[in-house]
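To keep things clear, I will list the structure first and then write my remarks on it.
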Amino acid sequence: MLTAAKKEFIEFMMSADVLRFGDFTTKSGRKTPYFVNTGNYKTGLQNSRLGEFYAALVKETVGDQFDAMFGPAYKGIPLATSVSGALARNYGIDKPFFFNRKEAKDHGEGGNIVGYKPQDGDRVIIIEDVITAGTAIRETMPVLQACADVKVTDMFISVNRCEVGQTPGKTAVMEVGEEFGIKVHALVTVQDIREYLADKEEYAHLLPLMDAYMKQYCVF
Ligand SMILES: O=P(O)(O)OC[C@H]1O[C@H](OP(=O)(O)OP(=O)(O)O)[C@H](O)[C@@H]1O
Ligand SMILES: O=C(O)c1cc(=O)[nH]c(=O)[nH]1
């Protein structure tokens, strides 16, 4: 159901040109009529507001029951930093954050992890933009497992695209749960976006495109 909070988040993404409609190709090679580009957030206020949306979901689901948050390069990096700030400011949940470099650095401090140094036994949450086919999370898990014996418990994303992963009939989110034991929490889903569009006459032309895409790739 499209709650007022979900509607507000969809309008926030659209006002920042983050949620766009047109012809795009996903990392997994799917031709999609909509795309979420969190790289389009550009101002302090947008960043601060974005952090608040995620922080409210973290507070409501896991609260302070985690030890650190991880933002996968690249787009997870500003997400994790803004969420950590909002959690501390709004809820007094002051937790460390860390992120990776896609290419290891061979001078100075070296390595591929920046920020907090994870410890064995840490419960880690991941802050990301979207999950489509689940490739990115499968790239992220070995990076985390190489740091320490951490337990990744939850993952927070802007949009759950509800798309099939590697196994017919299963979403990437289901697979992530089964393979890694990670619970995925999304601010909105593709169904929320579709419902939002259906409420507004000016977006009527997008509905057949969304429906065709959802029929091809989504599992509900
Ligand atoms: O579930 P998937 O099919 O993997 O697709 C979703 C991921 O793909 C993109 O990341 P990308 O690897 O392009 O990294 P970026 O943050 O550097 O843009 C996007 O930011 C998601 O994280
Ligand atoms: O699947 C992807 O590559 C993808 C989808 C999307 O909506 N946004 C994004 O940054 N990547």
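Going by the structure tokens order, chains are called A, B, ..., each with residues numbered from 1, while ligands are numbered from 1 in the order shown.
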Residues of chain A that have any atom at most 6 Å from an atom of ligand 2: could you tabulate them with the shortest-distance atom pair and the distance in Å to one decimal, using only C-alpha atoms and all ligand atoms, ordered by chain and increasing number, as CSV?
residue,atom,partner,partner_atom_place_in_ligand_line,distance
A:Thr26,CA,ligand 2,3 (O),3.6
A:Lys27,CA,ligand 2,3 (O),3.6
A:Phe35,CA,ligand 2,7 (O),3.8
A:Val36,CA,ligand 2,7 (O),3.8
A:Asn37,CA,ligand 2,10 (O),4.7
A:Val130,CA,ligand 2,8 (N),5.9
A:Thr132,CA,ligand 2,1 (O),4.6
With C-alpha atoms kept, could you save the residues just selected as a compact mmCIF listing (two decimals), in the first residue's frame?
# COMPACT_ATOMS: atom_id res chain seq x y z
CA THR A 26 20.66 -2.12 -15.74
CA LYS A 27 23.97 -3.63 -14.62
CA PHE A 35 15.95 3.93 -13.13
CA VAL A 36 17.04 5.06 -9.69
CA ASN A 37 20.27 7.05 -9.87
CA VAL A 130 18.77 -0.66 -5.12
CA THR A 132 18.00 -5.61 -9.17
All alpha helix (DSSP H) positions in region 8-219 of chain A, as number ranges by chain: A: 8-15, 44-61, 76-91, 135-147, 172-180, 190-198, 207-217
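Compared by their closest atoms to Gly169 (chain A), and using only C-alpha atoms, the residues A:Ile137, A:Ala5, A:Cys218, A:Leu45 rank with A:Cys218 nearest.
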Could you check which of A:Ala73, A:Val184, A:Val219, A:Ala146 is closest to Lys170 (chain A), using only C-alpha atoms?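 Of A:Ala73, A:Val184, A:Val219, A:Ala146, the one nearest Lys170 (chain A) is A:Val219, counting only C-alpha atoms.
Take CA of Thr171 (chain A) and CA of Thr140 (chain A): the distance between them is 18.0 Å.
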Identify, counting only C-alpha atoms and all ligand atoms, the protein, DNA and RNA residues located within 9 Å of ligand 1, and give them as a ChimeraX atom specification. /A:26-29,36-39,72-77,102,128-139,161,163,165,172-173
Resulting file, chosen residues, N, CA and C atoms, as an mmCIF file, in the first residue's frame:
data_model
loop_
_atom_site.group_PDB
_atom_site.id
_atom_site.type_symbol
_atom_site.label_atom_id
_atom_site.label_comp_id
_atom_site.auth_asym_id
_atom_site.auth_seq_id
_atom_site.Cartn_x
_atom_site.Cartn_y
_atom_site.Cartn_z
ATOM 1 N N THR A 26 20.136 -1.819 -17.075
ATOM 2 C CA THR A 26 20.655 -2.120 -15.736
ATOM 3 C C THR A 26 22.016 -2.817 -15.845
ATOM 4 N N LYS A 27 22.682 -2.924 -14.714
ATOM 5 C CA LYS A 27 23.967 -3.632 -14.616
ATOM 6 C C LYS A 27 23.836 -5.059 -15.169
ATOM 7 N N SER A 28 22.662 -5.664 -14.965
ATOM 8 C CA SER A 28 22.430 -7.040 -15.425
ATOM 9 C C SER A 28 21.972 -7.086 -16.885
ATOM 10 N N GLY A 29 21.963 -5.920 -17.567
ATOM 11 C CA GLY A 29 21.657 -5.891 -18.989
ATOM 12 C C GLY A 29 20.173 -5.840 -19.315
ATOM 13 N N VAL A 36 16.797 4.314 -10.927
ATOM 14 C CA VAL A 36 17.041 5.064 -9.690
ATOM 15 C C VAL A 36 18.524 5.400 -9.662
ATOM 16 N N ASN A 37 18.853 6.659 -9.887
ATOM 17 C CA ASN A 37 20.269 7.049 -9.875
ATOM 18 C C ASN A 37 20.541 7.943 -8.677
ATOM 19 N N THR A 38 20.986 7.319 -7.580
ATOM 20 C CA THR A 38 21.237 8.107 -6.366
ATOM 21 C C THR A 38 22.452 9.023 -6.543
ATOM 22 N N GLY A 39 23.187 8.840 -7.632
ATOM 23 C CA GLY A 39 24.289 9.754 -7.954
ATOM 24 C C GLY A 39 23.776 11.138 -8.319
ATOM 25 N N PRO A 72 28.688 0.065 0.172
ATOM 26 C CA PRO A 72 29.491 -0.460 -0.941
ATOM 27 C C PRO A 72 29.802 0.624 -1.981
ATOM 28 N N ALA A 73 31.043 0.646 -2.456
ATOM 29 C CA ALA A 73 31.428 1.606 -3.503
ATOM 30 C C ALA A 73 30.620 1.316 -4.767
ATOM 31 N N TYR A 74 30.290 2.380 -5.548
ATOM 32 C CA TYR A 74 30.529 3.743 -5.122
ATOM 33 C C TYR A 74 29.311 4.363 -4.431
ATOM 34 N N LYS A 75 28.131 4.071 -4.943
ATOM 35 C CA LYS A 75 26.990 4.884 -4.496
ATOM 36 C C LYS A 75 26.597 4.621 -3.050
ATOM 37 N N GLY A 76 27.052 3.487 -2.499
ATOM 38 C CA GLY A 76 26.741 3.227 -1.092
ATOM 39 C C GLY A 76 27.542 4.120 -0.153
ATOM 40 N N ILE A 77 28.620 4.730 -0.667
ATOM 41 C CA ILE A 77 29.509 5.506 0.225
ATOM 42 C C ILE A 77 28.805 6.746 0.792
ATOM 43 N N LYS A 102 36.925 0.419 -4.877
ATOM 44 C CA LYS A 102 36.827 -0.642 -5.888
ATOM 45 C C LYS A 102 38.215 -1.127 -6.284
ATOM 46 N N GLU A 128 22.551 0.599 0.832
ATOM 47 C CA GLU A 128 22.733 0.585 -0.634
ATOM 48 C C GLU A 128 21.619 1.368 -1.316
ATOM 49 N N ASP A 129 21.716 1.447 -2.655
ATOM 50 C CA ASP A 129 20.681 2.174 -3.401
ATOM 51 C C ASP A 129 19.536 1.260 -3.829
ATOM 52 N N VAL A 130 19.825 0.255 -4.666
ATOM 53 C CA VAL A 130 18.774 -0.665 -5.122
ATOM 54 C C VAL A 130 19.341 -2.078 -5.220
ATOM 55 N N ILE A 131 18.432 -3.042 -5.281
ATOM 56 C CA ILE A 131 18.812 -4.402 -5.670
ATOM 57 C C ILE A 131 18.024 -4.714 -6.929
ATOM 58 N N THR A 132 18.717 -5.194 -7.959
ATOM 59 C CA THR A 132 18.004 -5.610 -9.170
ATOM 60 C C THR A 132 18.137 -7.122 -9.292
ATOM 61 N N ALA A 133 19.261 -7.595 -9.861
ATOM 62 C CA ALA A 133 19.444 -9.042 -10.045
ATOM 63 C C ALA A 133 20.304 -9.657 -8.942
ATOM 64 N N GLY A 134 20.870 -8.812 -8.067
ATOM 65 C CA GLY A 134 21.657 -9.325 -6.947
ATOM 66 C C GLY A 134 23.150 -9.488 -7.212
ATOM 67 N N THR A 135 23.634 -8.965 -8.340
ATOM 68 C CA THR A 135 25.071 -9.089 -8.646
ATOM 69 C C THR A 135 25.921 -8.287 -7.659
ATOM 70 N N ALA A 136 25.507 -7.052 -7.407
ATOM 71 C CA ALA A 136 26.309 -6.169 -6.555
ATOM 72 C C ALA A 136 26.481 -6.748 -5.152
ATOM 73 N N ILE A 137 25.423 -7.283 -4.569
ATOM 74 C CA ILE A 137 25.537 -7.827 -3.211
ATOM 75 C C ILE A 137 26.448 -9.058 -3.205
ATOM 76 N N ARG A 138 26.430 -9.814 -4.304
ATOM 77 C CA ARG A 138 27.342 -10.977 -4.379
ATOM 78 C C ARG A 138 28.791 -10.524 -4.527
ATOM 79 N N GLU A 139 28.997 -9.304 -5.043
ATOM 80 C CA GLU A 139 30.360 -8.755 -5.101
ATOM 81 C C GLU A 139 30.768 -8.196 -3.736
ATOM 82 N N ARG A 161 13.342 -3.461 -6.449
ATOM 83 C CA ARG A 161 12.778 -3.580 -7.800
ATOM 84 C C ARG A 161 12.008 -4.899 -7.966
ATOM 85 N N GLU A 163 12.853 -7.930 -8.601
ATOM 86 C CA GLU A 163 13.160 -8.645 -9.846
ATOM 87 C C GLU A 163 13.778 -10.011 -9.594
ATOM 88 N N GLY A 165 16.184 -13.081 -9.597
ATOM 89 C CA GLY A 165 17.640 -13.165 -9.433
ATOM 90 C C GLY A 165 18.214 -14.193 -10.377
ATOM 91 N N ALA A 172 15.808 -11.551 -6.399
ATOM 92 C CA ALA A 172 17.173 -11.405 -5.889
ATOM 93 C C ALA A 172 17.134 -11.219 -4.374
ATOM 94 N N VAL A 173 16.103 -10.523 -3.897
ATOM 95 C CA VAL A 173 15.982 -10.291 -2.446
ATOM 96 C C VAL A 173 15.764 -11.613 -1.702
#
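Among A:Arg49, A:Lys151, A:Arg20, A:His185, the residue with the shortest atom-to-atom distance to Thr61 (chain A), counting only C-alpha atoms, is A:His185.
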With DSSP run on the backbone, what are the strand (DSSP E or B) residues within region 38-148 of chain A? I'd like them as a list of chain:residue names.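 DSSP on the backbone gives strand (DSSP E or B) at A:Ala68, A:Met69, A:Phe70, A:Gly71, A:Phe97, A:Phe98, A:Phe99, A:Asn100, A:Arg101, A:Lys102, A:Glu103, A:Ala104, A:Lys105, A:Gly111, A:Asn112, A:Ile113, A:Val114, A:Gly115, A:Arg123, A:Val124, A:Ile125, A:Ile126, A:Ile127, A:Val130, A:Ile131.
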In terms of the shortest atom-to-atom distance over only C-alpha atoms, which of A:Leu187, A:Ala4, A:Ala68, A:Ile157 is closest to Gln119 (chain A)? A:Ala68
Enter the distance from CA of Met13 (chain A) to CA of Gly177 (chain A), in Å, rounded to one decimal.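 Between CA of Met13 (chain A) and CA of Gly177 (chain A) the gap is 26.5 Å.
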Quick one: residues within 12 Å of Ala186 (chain A), only C-alpha atoms, excluding same-chain residues fewer than 3 positions away - as a PyMOL selection string? chain A and resi 6+9+53-58+61+126-131+154-162+173+183+189-192
Near Asp211 (chain A), within 12 Å and counting only C-alpha atoms, which residues show up once chain neighbours fewer than 5 positions away are dropped, as a list of chain:residue names? A:Thr32, A:Pro33, A:Tyr34, A:Val190, A:Gln191, A:Ile193, A:Arg194, A:Glu195, A:Leu197, A:Ala198, A:Ala204, A:His205, A:Leu206, A:Gln216, A:Tyr217, A:Cys218
Would you mind exporting N, CA and C atoms of the selected residues as a tab-separated table (two decimals), in the first residue's frame?
chain	number	residue	atom	x	y	z
A	32	THR	N	15.23	-1.19	-19.06
A	32	THR	CA	14.22	-0.80	-18.07
A	32	THR	C	13.63	0.58	-18.37
A	33	PRO	N	12.31	0.75	-18.14
A	33	PRO	CA	11.70	2.06	-18.36
A	33	PRO	C	11.84	3.00	-17.17
A	34	TYR	N	12.43	2.51	-16.06
A	34	TYR	CA	12.67	3.43	-14.94
A	34	TYR	C	14.02	3.12	-14.32
A	190	VAL	N	8.87	-1.41	-6.38
A	190	VAL	CA	8.40	-1.06	-7.73
A	190	VAL	C	6.87	-0.96	-7.76
A	191	GLN	N	6.20	-1.75	-6.94
A	191	GLN	CA	4.73	-1.68	-6.90
A	191	GLN	C	4.26	-0.33	-6.34
A	193	ILE	N	5.87	2.44	-6.69
A	193	ILE	CA	6.12	3.42	-7.76
A	193	ILE	C	5.00	3.32	-8.81
A	194	ARG	N	4.62	2.09	-9.15
A	194	ARG	CA	3.55	1.91	-10.14
A	194	ARG	C	2.24	2.51	-9.63
A	195	GLU	N	1.97	2.26	-8.34
A	195	GLU	CA	0.73	2.80	-7.75
A	195	GLU	C	0.75	4.33	-7.75
A	197	LEU	N	2.30	6.27	-9.90
A	197	LEU	CA	2.10	6.72	-11.28
A	197	LEU	C	0.62	6.59	-11.68
A	198	ALA	N	-0.01	5.51	-11.24
A	198	ALA	CA	-1.39	5.24	-11.62
A	198	ALA	C	-2.36	6.28	-11.07
A	204	ALA	N	0.08	8.55	-17.13
A	204	ALA	CA	-0.68	7.42	-17.69
A	204	ALA	C	0.12	6.69	-18.79
A	205	HIS	N	0.88	7.47	-19.57
A	205	HIS	CA	1.64	6.86	-20.68
A	205	HIS	C	2.74	5.91	-20.18
A	206	LEU	N	3.13	6.04	-18.91
A	206	LEU	CA	4.21	5.18	-18.39
A	206	LEU	C	3.70	3.81	-17.94
A	216	GLN	N	7.77	-9.01	-17.27
A	216	GLN	CA	8.95	-9.76	-17.72
A	216	GLN	C	9.91	-10.10	-16.58
A	217	TYR	N	10.13	-9.18	-15.66
A	217	TYR	CA	11.21	-9.38	-14.68
A	217	TYR	C	10.80	-9.51	-13.21
A	218	CYS	N	9.61	-9.06	-12.87
A	218	CYS	CA	9.30	-9.04	-11.43
A	218	CYS	C	8.67	-10.36	-10.96
Quick one: residues within 10 Å of region 89-99 of chain A, only C-alpha atoms counted, chain neighbours fewer than 6 positions away excluded, as JSON, numbers by chain? {"A": [52, 55, 56, 59, 63, 64, 65, 66, 67, 68, 69, 70, 71, 72, 73, 74, 76, 77, 78, 80, 81, 83, 112, 113, 114, 115, 116, 117, 118, 124, 125, 126, 127, 143, 144]}
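Look at Ser82 (chain A): the protein and nucleic acid residues within 8 Å of it, using only C-alpha atoms and passing over chain neighbours fewer than 3 places away, are Asn47, Ser48, Leu50, Gly51, Pro78, Leu79, Gly85 and Ala86 of chain A.
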Polymer residues at most 7 Å from Asn40 (chain A), only C-alpha atoms, same-chain spacing of 5 or more positions, as a PyMOL selection string: chain A and resi 16-18
